[in-house]
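Pasting final-v4.pdb here (PDB, C-alpha atoms, pLDDT in the B column):
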ATOM      1  CA  MET K   1     110.358 106.754 118.683  1.00 89.00           C
ATOM      2  CA  ASN K   2     108.239 108.126 115.848  1.00 94.00           C
ATOM      3  CA  ILE K   3     107.744 105.927 112.791  1.00 97.00           C
ATOM      4  CA  SER K   4     105.591 105.864 109.676  1.00 97.00           C
ATOM      5  CA  PHE K   5     104.156 102.522 108.610  1.00 98.00           C
ATOM      6  CA  TYR K   6     103.021 102.140 104.996  1.00 98.00           C
ATOM      7  CA  PHE K   7     100.252  99.665 104.265  1.00 98.00           C
ATOM      8  CA  ASP K   8      98.161  98.249 101.440  1.00 98.00           C
ATOM      9  CA  PRO K   9      95.167  96.250 102.741  1.00 98.00           C
ATOM     10  CA  SER K  10      95.692  93.524 100.134  1.00 98.00           C
ATOM     11  CA  CYS K  11      99.196  92.462 101.197  1.00 98.00           C
ATOM     12  CA  PRO K  12      99.251  89.485 103.607  1.00 97.00           C
ATOM     13  CA  PHE K  13     102.844  90.148 104.663  1.00 97.00           C
ATOM     14  CA  CYS K  14     101.961  93.749 105.444  1.00 98.00           C
ATOM     15  CA  TRP K  15      98.979  92.580 107.464  1.00 98.00           C
ATOM     16  CA  ILE K  16     101.154  90.373 109.667  1.00 98.00           C
ATOM     17  CA  THR K  17     103.739  93.136 110.133  1.00 98.00           C
ATOM     18  CA  SER K  18     101.021  95.600 111.120  1.00 98.00           C
ATOM     19  CA  ARG K  19      99.766  93.218 113.826  1.00 98.00           C
ATOM     20  CA  TRP K  20     103.374  92.794 114.981  1.00 98.00           C
ATOM     21  CA  LEU K  21     103.713  96.559 115.302  1.00 97.00           C
ATOM     22  CA  LEU K  22     100.523  96.830 117.331  1.00 97.00           C
ATOM     23  CA  THR K  23     101.857  94.130 119.642  1.00 96.00           C
ATOM     24  CA  ILE K  24     105.194  95.785 120.330  1.00 97.00           C
ATOM     25  CA  ALA K  25     103.721  99.280 120.603  1.00 95.00           C
ATOM     26  CA  GLU K  26     102.242  98.177 123.925  1.00 92.00           C
ATOM     27  CA  HIS K  27     105.762  97.437 125.228  1.00 97.00           C
ATOM     28  CA  ARG K  28     107.927 100.102 123.600  1.00 96.00           C
ATOM     29  CA  GLU K  29     107.528 103.875 123.311  1.00 93.00           C
ATOM     30  CA  ILE K  30     106.474 104.044 119.669  1.00 95.00           C
ATOM     31  CA  TYR K  31     104.212 106.522 117.913  1.00 96.00           C
ATOM     32  CA  ILE K  32     102.979 105.038 114.625  1.00 97.00           C
ATOM     33  CA  ASP K  33     101.823 107.249 111.759  1.00 97.00           C
ATOM     34  CA  TRP K  34      99.801 104.913 109.524  1.00 98.00           C
ATOM     35  CA  GLN K  35     100.118 105.721 105.818  1.00 98.00           C
ATOM     36  CA  PRO K  36      98.131 104.254 102.857  1.00 98.00           C
ATOM     37  CA  PHE K  37     100.458 102.895 100.165  1.00 98.00           C
ATOM     38  CA  SER K  38      98.720 101.803  96.961  1.00 98.00           C
ATOM     39  CA  LEU K  39     100.459  98.880  95.292  1.00 97.00           C
ATOM     40  CA  ALA K  40      98.268  99.426  92.224  1.00 96.00           C
ATOM     41  CA  LEU K  41      99.701 102.923  91.854  1.00 96.00           C
ATOM     42  CA  LYS K  42     103.256 101.902  92.738  1.00 96.00           C
ATOM     43  CA  ASN K  43     103.240  99.060  90.191  1.00 94.00           C
ATOM     44  CA  ASP K  44     101.452 101.108  87.517  1.00 92.00           C
ATOM     45  CA  GLU K  45      98.589  98.616  87.539  1.00 93.00           C
ATOM     46  CA  LEU K  46      95.716 100.997  88.124  1.00 90.00           C
ATOM     47  CA  ASN K  47      94.685 101.320  84.482  1.00 84.00           C
ATOM     48  CA  SER K  48      96.110  98.051  83.180  1.00 74.00           C
ATOM     49  CA  THR K  49      94.571  94.628  82.696  1.00 72.00           C
ATOM     50  CA  ASN K  50      95.541  91.085  83.626  1.00 72.00           C
ATOM     51  CA  GLU K  51      97.430  90.750  80.355  1.00 70.00           C
ATOM     52  CA  ASN K  52      99.844  93.610  81.018  1.00 75.00           C
ATOM     53  CA  ASP K  53      99.959  93.841  84.812  1.00 79.00           C
ATOM     54  CA  SER K  54     103.441  94.083  86.255  1.00 75.00           C
ATOM     55  CA  THR K  55     102.551  91.502  88.949  1.00 81.00           C
ATOM     56  CA  PRO K  56     100.180  88.498  89.150  1.00 84.00           C
ATOM     57  CA  HIS K  57      98.130  90.394  91.733  1.00 90.00           C
ATOM     58  CA  GLY K  58      96.839  93.316  89.677  1.00 93.00           C
ATOM     59  CA  ASP K  59      93.142  92.612  90.217  1.00 94.00           C
ATOM     60  CA  MET K  60      93.645  92.361  93.960  1.00 96.00           C
ATOM     61  CA  HIS K  61      95.706  95.554  94.010  1.00 97.00           C
ATOM     62  CA  ARG K  62      93.073  97.456  92.033  1.00 96.00           C
ATOM     63  CA  ALA K  63      90.333  96.313  94.394  1.00 97.00           C
ATOM     64  CA  SER K  64      92.464  97.358  97.340  1.00 98.00           C
ATOM     65  CA  HIS K  65      93.115 100.736  95.722  1.00 98.00           C
ATOM     66  CA  ARG K  66      89.360 101.416  95.742  1.00 98.00           C
ATOM     67  CA  VAL K  67      89.402 100.631  99.461  1.00 98.00           C
ATOM     68  CA  LEU K  68      92.342 102.975 100.027  1.00 98.00           C
ATOM     69  CA  ARG K  69      90.455 105.821  98.365  1.00 98.00           C
ATOM     70  CA  VAL K  70      87.565 105.262 100.765  1.00 98.00           C
ATOM     71  CA  ILE K  71      89.874 104.960 103.778  1.00 97.00           C
ATOM     72  CA  GLN K  72      91.649 108.172 102.843  1.00 96.00           C
ATOM     73  CA  ALA K  73      88.396 110.074 102.306  1.00 96.00           C
ATOM     74  CA  ALA K  74      86.864 108.754 105.534  1.00 96.00           C
ATOM     75  CA  ASN K  75      89.938 109.748 107.504  1.00 94.00           C
ATOM     76  CA  ALA K  76      89.901 113.246 106.009  1.00 91.00           C
ATOM     77  CA  ASP K  77      86.174 113.831 106.469  1.00 84.00           C
ATOM     78  CA  SER K  78      85.591 112.297 109.899  1.00 84.00           C
ATOM     79  CA  ASP K  79      87.265 111.038 113.048  1.00 78.00           C
ATOM     80  CA  ALA K  80      87.778 107.590 111.552  1.00 87.00           C
ATOM     81  CA  THR K  81      91.415 106.632 112.036  1.00 94.00           C
ATOM     82  CA  LEU K  82      93.534 105.014 109.355  1.00 97.00           C
ATOM     83  CA  ILE K  83      94.566 102.155 111.629  1.00 97.00           C
ATOM     84  CA  ASN K  84      90.998 101.303 112.668  1.00 96.00           C
ATOM     85  CA  LEU K  85      89.769 101.285 109.086  1.00 97.00           C
ATOM     86  CA  TYR K  86      92.799  99.309 107.919  1.00 98.00           C
ATOM     87  CA  THR K  87      92.188  96.787 110.702  1.00 98.00           C
ATOM     88  CA  SER K  88      88.562  96.327 109.687  1.00 97.00           C
ATOM     89  CA  PHE K  89      89.318  95.856 106.010  1.00 98.00           C
ATOM     90  CA  GLY K  90      92.384  93.743 106.708  1.00 98.00           C
ATOM     91  CA  LYS K  91      90.549  91.386 109.055  1.00 97.00           C
ATOM     92  CA  ALA K  92      87.692  91.001 106.569  1.00 98.00           C
ATOM     93  CA  PHE K  93      90.065  90.233 103.699  1.00 98.00           C
ATOM     94  CA  HIS K  94      92.817  88.169 105.314  1.00 97.00           C
ATOM     95  CA  VAL K  95      91.065  86.432 108.202  1.00 97.00           C
ATOM     96  CA  ASP K  96      87.437  86.257 107.092  1.00 97.00           C
ATOM     97  CA  LYS K  97      88.334  85.759 103.393  1.00 97.00           C
ATOM     98  CA  ARG K  98      85.967  88.450 102.137  1.00 98.00           C
ATOM     99  CA  ASP K  99      86.395  90.290  98.838  1.00 98.00           C
ATOM    100  CA  PHE K 100      87.041  94.020  98.594  1.00 98.00           C
ATOM    101  CA  ASP K 101      83.663  94.643  96.988  1.00 98.00           C
ATOM    102  CA  ASP K 102      81.061  97.367  97.478  1.00 97.00           C
ATOM    103  CA  ALA K 103      79.107  95.239  99.941  1.00 97.00           C
ATOM    104  CA  LEU K 104      82.118  94.984 102.247  1.00 98.00           C
ATOM    105  CA  ILE K 105      82.917  98.687 101.926  1.00 98.00           C
ATOM    106  CA  ALA K 106      79.330  99.625 102.824  1.00 97.00           C
ATOM    107  CA  GLU K 107      79.343  97.193 105.753  1.00 97.00           C
ATOM    108  CA  ILE K 108      82.551  98.615 107.218  1.00 97.00           C
ATOM    109  CA  LEU K 109      81.455 102.222 106.736  1.00 97.00           C
ATOM    110  CA  SER K 110      78.288 101.398 108.648  1.00 96.00           C
ATOM    111  CA  ALA K 111      80.230  99.608 111.393  1.00 96.00           C
ATOM    112  CA  HIS K 112      82.335 102.751 111.905  1.00 95.00           C
ATOM    113  CA  ASN K 113      79.241 105.005 111.892  1.00 95.00           C
ATOM    114  CA  LEU K 114      80.399 106.702 108.699  1.00 96.00           C
ATOM    115  CA  GLN K 115      78.277 108.132 105.928  1.00 93.00           C
ATOM    116  CA  THR K 116      77.503 105.335 103.498  1.00 91.00           C
ATOM    117  CA  ASP K 117      77.869 107.702 100.538  1.00 95.00           C
ATOM    118  CA  LEU K 118      81.627 107.568 101.178  1.00 96.00           C
ATOM    119  CA  ILE K 119      81.496 104.421  99.057  1.00 97.00           C
ATOM    120  CA  GLU K 120      81.363 106.771  96.058  1.00 97.00           C
ATOM    121  CA  LYS K 121      84.960 107.726  96.834  1.00 97.00           C
ATOM    122  CA  ALA K 122      86.050 104.259  95.671  1.00 98.00           C
ATOM    123  CA  THR K 123      85.852 105.497  92.071  1.00 97.00           C
ATOM    124  CA  ASP K 124      87.074 109.052  92.736  1.00 97.00           C
ATOM    125  CA  SER K 125      90.384 109.307  90.878  1.00 97.00           C
ATOM    126  CA  SER K 126      90.944 112.830  92.230  1.00 97.00           C
ATOM    127  CA  LEU K 127      92.162 111.138  95.422  1.00 97.00           C
ATOM    128  CA  ASP K 128      95.018 109.444  93.599  1.00 97.00           C
ATOM    129  CA  ASN K 129      97.350 112.454  93.648  1.00 97.00           C
ATOM    130  CA  SER K 130      97.471 112.405  97.437  1.00 97.00           C
ATOM    131  CA  LEU K 131      97.921 108.628  97.459  1.00 98.00           C
ATOM    132  CA  GLN K 132     100.818 109.046  95.021  1.00 98.00           C
ATOM    133  CA  ALA K 133     102.331 111.684  97.309  1.00 98.00           C
ATOM    134  CA  VAL K 134     102.316 109.172 100.162  1.00 98.00           C
ATOM    135  CA  ILE K 135     104.184 106.671  97.998  1.00 98.00           C
ATOM    136  CA  GLU K 136     106.778 109.313  97.176  1.00 97.00           C
ATOM    137  CA  SER K 137     107.204 110.170 100.855  1.00 96.00           C
ATOM    138  CA  ALA K 138     108.323 106.569 101.363  1.00 97.00           C
ATOM    139  CA  THR K 139     110.390 106.086  98.210  1.00 97.00           C
ATOM    140  CA  ASP K 140     112.229 109.377  98.773  1.00 96.00           C
ATOM    141  CA  VAL K 141     113.631 107.834 101.955  1.00 94.00           C
ATOM    142  CA  ALA K 142     113.791 104.076 101.303  1.00 93.00           C
ATOM    143  CA  GLY K 143     114.266 104.036  97.512  1.00 93.00           C
ATOM    144  CA  GLU K 144     112.106 103.101  94.552  1.00 94.00           C
ATOM    145  CA  ASP K 145     112.564  99.350  95.005  1.00 92.00           C
ATOM    146  CA  ILE K 146     110.084  99.007  97.871  1.00 95.00           C
ATOM    147  CA  GLY K 147     106.525  97.907  98.439  1.00 96.00           C
ATOM    148  CA  VAL K 148     104.805  97.099 101.699  1.00 98.00           C
ATOM    149  CA  PRO K 149     105.392  96.668 104.527  1.00 98.00           C
ATOM    150  CA  THR K 150     107.713  99.666 104.788  1.00 97.00           C
ATOM    151  CA  ILE K 151     108.737 101.488 107.956  1.00 97.00           C
ATOM    152  CA  ILE K 152     110.283 104.954 108.006  1.00 96.00           C
ATOM    153  CA  PHE K 153     112.049 105.920 111.253  1.00 94.00           C
ATOM    154  CA  GLU K 154     112.428 109.505 112.454  1.00 91.00           C
ATOM    155  CA  GLN K 155     115.926 109.655 113.870  1.00 82.00           C
ATOM    156  CA  ALA K 156     117.061 111.689 116.868  1.00 78.00           C
ATOM    157  CA  ASP K 157     118.739 114.273 114.618  1.00 80.00           C
ATOM    158  CA  GLY K 158     115.541 114.788 112.599  1.00 82.00           C
ATOM    159  CA  ASN K 159     116.680 112.763 109.606  1.00 87.00           C
ATOM    160  CA  ARG K 160     114.591 109.863 108.334  1.00 92.00           C
ATOM    161  CA  ALA K 161     115.697 106.336 107.454  1.00 90.00           C
ATOM    162  CA  GLY K 162     113.552 103.509 106.214  1.00 89.00           C
ATOM    163  CA  TYR K 163     113.335  99.846 105.289  1.00 90.00           C
ATOM    164  CA  PHE K 164     111.139  97.622 103.222  1.00 94.00           C
ATOM    165  CA  GLY K 165     110.062  95.164 105.875  1.00 93.00           C
ATOM    166  CA  PRO K 166     110.276  93.430 108.195  1.00 95.00           C
ATOM    167  CA  VAL K 167     108.597  90.716 106.136  1.00 95.00           C
ATOM    168  CA  LEU K 168     107.223  88.086 108.500  1.00 96.00           C
ATOM    169  CA  GLN K 169     105.941  84.637 107.522  1.00 95.00           C
ATOM    170  CA  THR K 170     103.937  84.304 110.723  1.00 96.00           C
ATOM    171  CA  LEU K 171     103.212  86.479 113.749  1.00 97.00           C
ATOM    172  CA  PRO K 172     106.068  85.974 116.254  1.00 96.00           C
ATOM    173  CA  ASP K 173     105.534  85.518 119.965  1.00 96.00           C
ATOM    174  CA  LEU K 174     106.119  88.543 122.193  1.00 97.00           C
ATOM    175  CA  ASP K 175     109.778  87.887 123.015  1.00 97.00           C
ATOM    176  CA  GLU K 176     110.687  87.398 119.372  1.00 97.00           C
ATOM    177  CA  SER K 177     108.557  90.382 118.339  1.00 98.00           C
ATOM    178  CA  LEU K 178     110.417  92.664 120.722  1.00 98.00           C
ATOM    179  CA  ALA K 179     113.786  91.268 119.635  1.00 98.00           C
ATOM    180  CA  ILE K 180     112.966  92.062 115.985  1.00 97.00           C
ATOM    181  CA  TRP K 181     111.941  95.604 116.889  1.00 97.00           C
ATOM    182  CA  ASP K 182     114.973  96.258 119.064  1.00 96.00           C
ATOM    183  CA  GLY K 183     117.302  95.159 116.281  1.00 94.00           C
ATOM    184  CA  LEU K 184     115.562  97.183 113.575  1.00 92.00           C
ATOM    185  CA  SER K 185     115.313 100.328 115.647  1.00 91.00           C
ATOM    186  CA  LYS K 186     119.037 100.204 116.410  1.00 91.00           C
ATOM    187  CA  LEU K 187     119.899  99.700 112.746  1.00 89.00           C
ATOM    188  CA  ALA K 188     117.795 102.740 111.866  1.00 85.00           C
ATOM    189  CA  ASN K 189     120.502 104.933 113.377  1.00 82.00           C
ATOM    190  CA  VAL K 190     123.372 103.240 111.519  1.00 85.00           C
ATOM    191  CA  SER K 191     124.074 105.295 108.397  1.00 81.00           C
ATOM    192  CA  SER K 192     126.288 102.658 106.742  1.00 88.00           C
ATOM    193  CA  PHE K 193     123.571  99.974 106.808  1.00 85.00           C
ATOM    194  CA  TYR K 194     121.108  99.615 103.948  1.00 82.00           C
ATOM    195  CA  GLU K 195     119.913  96.013 103.464  1.00 83.00           C
ATOM    196  CA  LEU K 196     119.500  92.515 104.867  1.00 83.00           C
ATOM    197  CA  LYS K 197     117.893  89.756 102.813  1.00 83.00           C
ATOM    198  CA  ARG K 198     117.400  85.992 102.693  1.00 85.00           C
ATOM    199  CA  ALA K 199     115.306  83.561 100.686  1.00 86.00           C
ATOM    200  CA  ARG K 200     111.572  83.632 101.394  1.00 81.00           C
ATOM    201  CA  PRO K 201     109.967  80.361 102.570  1.00 81.00           C
ATOM    202  CA  ASP K 202     107.604  78.590 100.192  1.00 83.00           C
ATOM    203  CA  GLY K 203     103.903  79.220 100.459  1.00 83.00           C
ATOM    204  CA  TRP K 204     101.724  82.097 101.572  1.00 86.00           C
ATOM    205  CA  PRO K 205     102.246  83.746 104.956  1.00 94.00           C
ATOM    206  CA  ASP K 206     100.282  82.474 107.923  1.00 94.00           C
ATOM    207  CA  VAL K 207      97.744  85.297 108.205  1.00 96.00           C
ATOM    208  CA  MET K 208      95.622  83.176 110.527  1.00 94.00           C
ATOM    209  CA  SER K 209      98.335  83.624 113.156  1.00 94.00           C
ATOM    210  CA  THR K 210      96.939  87.155 113.598  1.00 95.00           C
ATOM    211  CA  ILE K 211      93.422  86.118 114.625  1.00 89.00           C
ATOM    212  CA  SER K 212      93.890  87.100 118.266  1.00 79.00           C
ATOM    213  CA  LEU K 213      94.988  90.594 117.174  1.00 72.00           C
ATOM    214  CA  SER K 214      92.481  91.165 114.406  1.00 60.00           C
ATOM    215  CA  GLU K 215      90.465  93.625 116.445  1.00 55.00           C
ATOM    216  CA  GLY K 216      93.485  95.855 117.177  1.00 46.00           C
TER
END

Let's see the structure in the file written out as C-alpha coordinates.
Amino acid sequence: MNISFYFDPSCPFCWITSRWLLTIAEHREIYIDWQPFSLALKNDELNSTNENDSTPHGDMHRASHRVLRVIQAANADSDATLINLYTSFGKAFHVDKRDFDDALIAEILSAHNLQTDLIEKATDSSLDNSLQAVIESATDVAGEDIGVPTIIFEQADGNRAGYFGPVLQTLPDLDESLAIWDGLSKLANVSSFYELKRARPDGWPDVMSTISLSEG
(Lines of atoms letter the chains of each structure in order from A and count residues from 1; the text may use other names and numbers.)
(Lines give C-alpha, C1' and ligand atoms only; values in the text may rest on other atoms or scores of the structure.)
Protein backbone atom coordinates (compact mmCIF):
# COMPACT_ATOMS: atom_id res chain seq x y z
CA MET A 1 0.00 0.00 0.00
CA ASN A 2 1.21 3.50 -0.84
CA ILE A 3 0.72 6.21 1.77
CA SER A 4 1.84 9.77 2.39
CA PHE A 5 2.82 10.71 5.93
CA TYR A 6 2.82 14.40 6.86
CA PHE A 7 5.19 15.54 9.58
CA ASP A 8 6.31 18.61 11.49
CA PRO A 9 9.51 17.97 13.49
CA SER A 10 8.18 19.88 16.50
CA CYS A 11 5.13 17.69 17.18
CA PRO A 12 5.73 14.96 19.80
CA PHE A 13 2.63 13.02 18.77
CA CYS A 14 3.78 13.06 15.16
CA TRP A 15 7.20 11.85 16.24
CA ILE A 16 5.74 8.81 17.99
CA THR A 17 3.47 8.02 15.03
CA SER A 18 6.41 8.24 12.64
CA ARG A 19 8.36 5.70 14.72
CA TRP A 20 5.26 3.49 14.75
CA LEU A 21 5.11 3.64 10.96
CA LEU A 22 8.77 2.70 10.63
CA THR A 23 8.12 -0.27 12.90
CA ILE A 24 5.18 -1.65 10.96
CA ALA A 25 6.74 -0.97 7.56
CA GLU A 26 9.12 -3.84 8.31
CA HIS A 27 6.13 -6.21 8.64
CA ARG A 28 3.64 -4.91 6.08
CA GLU A 29 4.02 -3.97 2.41
CA ILE A 30 3.94 -0.19 2.80
CA TYR A 31 5.63 2.49 0.73
CA ILE A 32 5.79 5.74 2.71
CA ASP A 33 6.09 9.11 0.98
CA TRP A 34 7.30 11.47 3.72
CA GLN A 35 5.91 15.00 3.39
CA PRO A 36 6.90 18.16 5.37
CA PHE A 37 3.84 19.83 6.92
CA SER A 38 4.52 23.20 8.54
CA LEU A 39 2.30 23.85 11.54
CA ALA A 40 3.49 27.47 11.55
CA LEU A 41 2.09 27.91 8.05
CA LYS A 42 -1.06 25.89 8.71
CA ASN A 43 -1.87 27.88 11.86
CA ASP A 44 -0.92 31.23 10.31
CA GLU A 45 1.77 31.68 12.95
CA LEU A 46 4.74 32.32 10.71
CA ASN A 47 4.64 36.11 10.94
CA SER A 48 2.82 36.44 14.25
CA THR A 49 4.07 36.85 17.80
CA ASN A 50 3.35 35.17 21.12
CA GLU A 51 0.56 37.66 21.77
CA ASN A 52 -1.48 36.75 18.69
CA ASP A 53 -0.46 33.16 17.95
CA SER A 54 -3.34 30.82 17.30
CA THR A 55 -1.75 28.15 19.55
CA PRO A 56 0.51 28.21 22.64
CA HIS A 57 3.28 26.65 20.56
CA GLY A 58 3.96 29.40 18.02
CA ASP A 59 7.63 29.86 18.89
CA MET A 60 8.26 26.14 18.60
CA HIS A 61 6.38 25.96 15.31
CA ARG A 62 8.35 28.87 13.86
CA ALA A 63 11.64 27.28 14.85
CA SER A 64 10.51 24.02 13.29
CA HIS A 65 9.48 25.85 10.12
CA ARG A 66 13.08 27.03 9.69
CA VAL A 67 14.13 23.39 9.96
CA LEU A 68 11.55 22.34 7.38
CA ARG A 69 12.92 24.88 4.91
CA VAL A 70 16.38 23.37 5.33
CA ILE A 71 15.07 19.80 5.08
CA GLN A 72 13.16 20.64 1.91
CA ALA A 73 16.15 22.38 0.31
CA ALA A 74 18.54 19.58 1.28
CA ASN A 75 16.22 16.96 -0.16
CA ALA A 76 15.89 18.90 -3.42
CA ASP A 77 19.59 19.64 -3.82
CA SER A 78 21.14 16.34 -2.72
CA ASP A 79 20.45 12.69 -2.00
CA ALA A 80 19.44 13.45 1.57
CA THR A 81 16.09 11.79 2.22
CA LEU A 82 13.24 13.47 4.04
CA ILE A 83 12.87 10.60 6.50
CA ASN A 84 16.56 10.54 7.44
CA LEU A 85 16.67 14.28 8.01
CA TYR A 86 13.38 14.21 9.93
CA THR A 87 14.74 11.39 12.09
CA SER A 88 17.89 13.34 12.91
CA PHE A 89 16.06 16.53 13.82
CA GLY A 90 13.30 14.66 15.62
CA LYS A 91 15.70 12.63 17.75
CA ALA A 92 17.67 15.76 18.65
CA PHE A 93 14.54 17.67 19.64
CA HIS A 94 12.35 15.04 21.29
CA VAL A 95 14.84 12.56 22.73
CA ASP A 96 17.97 14.65 23.29
CA LYS A 97 16.00 17.81 24.22
CA ARG A 98 17.94 20.08 21.87
CA ASP A 99 16.59 23.34 20.47
CA PHE A 100 15.98 23.93 16.77
CA ASP A 101 18.74 26.53 16.58
CA ASP A 102 21.43 27.22 13.99
CA ALA A 103 23.98 25.15 15.89
CA LEU A 104 21.79 22.06 15.65
CA ILE A 105 21.01 22.67 11.97
CA ALA A 106 24.73 23.00 11.16
CA GLU A 107 25.53 19.88 13.17
CA ILE A 108 22.94 17.76 11.36
CA LEU A 109 23.92 19.07 7.93
CA SER A 110 27.50 18.06 8.69
CA ALA A 111 26.42 14.64 9.97
CA HIS A 112 24.63 14.00 6.66
CA ASN A 113 27.63 15.25 4.63
CA LEU A 114 25.61 18.17 3.31
CA GLN A 115 26.84 21.62 2.40
CA THR A 116 26.79 23.73 5.54
CA ASP A 117 25.62 26.77 3.57
CA LEU A 118 22.22 25.05 3.37
CA ILE A 119 21.64 26.63 6.78
CA GLU A 120 20.92 29.85 4.86
CA LYS A 121 17.74 28.21 3.58
CA ALA A 122 16.28 28.48 7.10
CA THR A 123 15.43 32.12 6.36
CA ASP A 124 14.53 31.66 2.68
CA SER A 125 10.83 32.48 2.46
CA SER A 126 10.77 31.56 -1.24
CA LEU A 127 10.53 27.94 -0.07
CA ASP A 128 7.22 28.58 1.67
CA ASN A 129 5.07 28.29 -1.47
CA SER A 130 6.09 24.67 -1.93
CA LEU A 131 5.58 23.97 1.77
CA GLN A 132 2.10 25.48 1.50
CA ALA A 133 1.40 23.27 -1.51
CA VAL A 134 2.21 20.21 0.59
CA ILE A 135 -0.28 21.34 3.24
CA GLU A 136 -2.94 21.75 0.56
CA SER A 137 -2.23 18.27 -0.80
CA ALA A 138 -3.23 16.94 2.62
CA THR A 139 -6.15 19.24 3.39
CA ASP A 140 -7.66 18.66 -0.06
CA VAL A 141 -8.09 15.01 0.95
CA ALA A 142 -8.52 15.03 4.74
CA GLY A 143 -10.10 18.47 5.26
CA GLU A 144 -8.94 21.76 6.72
CA ASP A 145 -9.33 20.65 10.34
CA ILE A 146 -6.11 18.62 10.45
CA GLY A 147 -2.57 18.96 11.69
CA VAL A 148 0.02 16.26 12.17
CA PRO A 149 0.30 13.35 12.18
CA THR A 150 -1.77 12.87 9.03
CA ILE A 151 -1.77 9.84 6.74
CA ILE A 152 -3.15 9.85 3.21
CA PHE A 153 -3.85 6.41 1.71
CA GLU A 154 -3.77 5.69 -2.02
CA GLN A 155 -6.69 3.35 -2.59
CA ALA A 156 -6.83 0.48 -5.07
CA ASP A 157 -9.05 2.49 -7.43
CA GLY A 158 -6.58 5.41 -7.47
CA ASN A 159 -8.61 7.61 -5.14
CA ARG A 160 -7.06 9.00 -1.97
CA ALA A 161 -8.45 8.99 1.57
CA GLY A 162 -6.84 10.38 4.67
CA TYR A 163 -6.98 10.78 8.43
CA PHE A 164 -5.55 13.05 11.04
CA GLY A 165 -3.79 10.50 13.19
CA PRO A 166 -3.34 7.99 14.58
CA VAL A 167 -2.41 10.03 17.65
CA LEU A 168 -0.45 7.81 20.02
CA GLN A 169 0.40 8.60 23.64
CA THR A 170 3.26 6.11 23.68
CA LEU A 171 4.91 3.78 21.17
CA PRO A 172 2.92 0.51 21.15
CA ASP A 173 4.52 -2.91 21.14
CA LEU A 174 4.69 -4.75 17.82
CA ASP A 175 1.43 -6.69 18.12
CA GLU A 176 -0.53 -3.58 19.03
CA SER A 177 1.26 -1.54 16.35
CA LEU A 178 0.24 -4.01 13.66
CA ALA A 179 -3.33 -4.17 14.97
CA ILE A 180 -3.61 -0.36 14.72
CA TRP A 181 -2.29 -0.40 11.17
CA ASP A 182 -4.52 -3.24 10.03
CA GLY A 183 -7.60 -1.45 11.34
CA LEU A 184 -6.70 1.91 9.81
CA SER A 185 -5.77 0.48 6.44
CA LYS A 186 -9.10 -1.34 6.22
CA LEU A 187 -11.03 1.79 7.15
CA ALA A 188 -9.22 3.68 4.40
CA ASN A 189 -11.30 1.79 1.86
CA VAL A 190 -14.63 2.46 3.59
CA SER A 191 -16.19 5.50 1.93
CA SER A 192 -18.85 6.04 4.62
CA PHE A 193 -16.30 6.37 7.44
CA TYR A 194 -14.81 9.74 8.33
CA GLU A 195 -13.89 10.02 12.04
CA LEU A 196 -13.15 8.31 15.34
CA LYS A 197 -12.29 10.31 18.44
CA ARG A 198 -11.94 10.02 22.21
CA ALA A 199 -10.59 12.17 25.02
CA ARG A 200 -6.82 12.60 25.09
CA PRO A 201 -5.01 11.48 28.27
CA ASP A 202 -3.50 14.16 30.49
CA GLY A 203 0.13 15.08 30.07
CA TRP A 204 2.60 15.09 27.22
CA PRO A 205 3.15 11.98 25.11
CA ASP A 206 5.88 9.56 26.09
CA VAL A 207 8.45 10.45 23.43
CA MET A 208 11.12 8.56 25.35
CA SER A 209 9.32 5.35 24.38
CA THR A 210 10.86 5.86 20.92
CA ILE A 211 14.50 5.76 22.04
CA SER A 212 15.16 2.33 20.55
CA LEU A 213 13.86 3.55 17.17
CA SER A 214 15.44 6.98 17.14
CA GLU A 215 18.03 6.00 14.56
CA GLY A 216 15.41 4.75 12.06

Inset, instruction - List the neighbours of K:Asp157 out to 12 Å using all atoms listed in the file; skip same-chain residues closer than 5 positions along the sequence, and give me the result as a ChimeraX atom specification. - result: /K:1,188-189

Legend entry - Two-atom distance - atom CA of K:Ile146, atom CA of K:Tyr163 (Å):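 Taking atom CA of K:Ile146 as the start and atom CA of K:Tyr163 as the end point, the length is 8.1 Å.
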
Inset, instruction - State, in Å with one decimal place, the distance from atom CA of K:Phe89 to atom CA of K:Ala179. - result: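 Separation between atom CA of K:Phe89 and atom CA of K:Ala179: 28.4 Å.
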
Inset, instruction - Given the file shown, enumerate the residues that the PyMOL selection byres ((chain K and resi 31) around 9) captures and present them as a list in words. - result: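 With the PyMOL selection byres ((chain K and resi 31) around 9) on this model, the match is Met1, Asn2, Ile3, Ser4, Ala25, Glu29, Ile30, Ile32 and Asp33 of chain K.
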
Inset, instruction - Write out as a ChimeraX atom specification the residues lying within 7 Å of K:Val141, counting all atoms listed in the file and excluding same-chain residues fewer than 6 positions away. - result: /K:160-162

Legend entry - Selected residue, from K:Leu39, K:Ile83, K:Val67, K:Ala133, that lies nearest to K:Ser54 when counting only C-alpha atoms: K:Leu39

Legend entry - Which of K:Val190, K:Leu127, K:Leu196, K:Leu184 sits closest to K:Ala76 [using all atoms listed in the file]: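 Checking each of K:Val190, K:Leu127, K:Leu196, K:Leu184 against K:Ala76, counting all atoms listed in the file, the winner is K:Leu127.
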
Legend entry - Test item: the PyMOL selection byres ((chain K and resi 113-122) around 7) resolved as a PyMOL selection string: chain K and resi 66-67+69-70+73-74+105-106+109-112+123-124

Legend entry - Counting all atoms listed in the file, the residue of K:Val148, K:Leu68, K:Ala138, K:Ile24 that sits nearest K:Leu82: K:Leu68

Please return the centre and edge lengths, in Å to one decimal, of a box with edges along x, y and z that contains all listed atoms of stretch 187-197 of chain K, widened by 8 Å on every side, as JSON.
{"center_x": 122.0, "center_y": 97.5, "center_z": 108.1, "size_x": 24.5, "size_y": 31.5, "size_z": 26.6}

Legend entry - Residue nearest K:Ala40 among K:Pro9, K:Gly58, K:Pro149, K:Pro172 (counting only C-alpha atoms):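 Under the stated criterion, the closest residue is K:Gly58.
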
Legend entry - Residues selected by the PyMOL selection byres ((chain K and resi 170) around 9), written as a PyMOL selection string: chain K and resi 13+16-17+168-169+171-172+205-210

Inset, instruction - Provide the atom CA of K:Leu41 to atom CA of K:Gly203 distance in Å, to one decimal place. - result: 25.6 Å

Inset, instruction - Could you check which of K:Arg19, K:Gln72, K:Leu187, K:Ser38 is closest to K:Ser212, using only C-alpha atoms? - result: K:Arg19

Legend entry - Pick from K:Arg62, K:Lys42, K:Arg198, K:Lys91 nearest to K:Leu131, counting all atoms listed in the file: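 Among the listed residues, K:Lys42 lies closest to K:Leu131.
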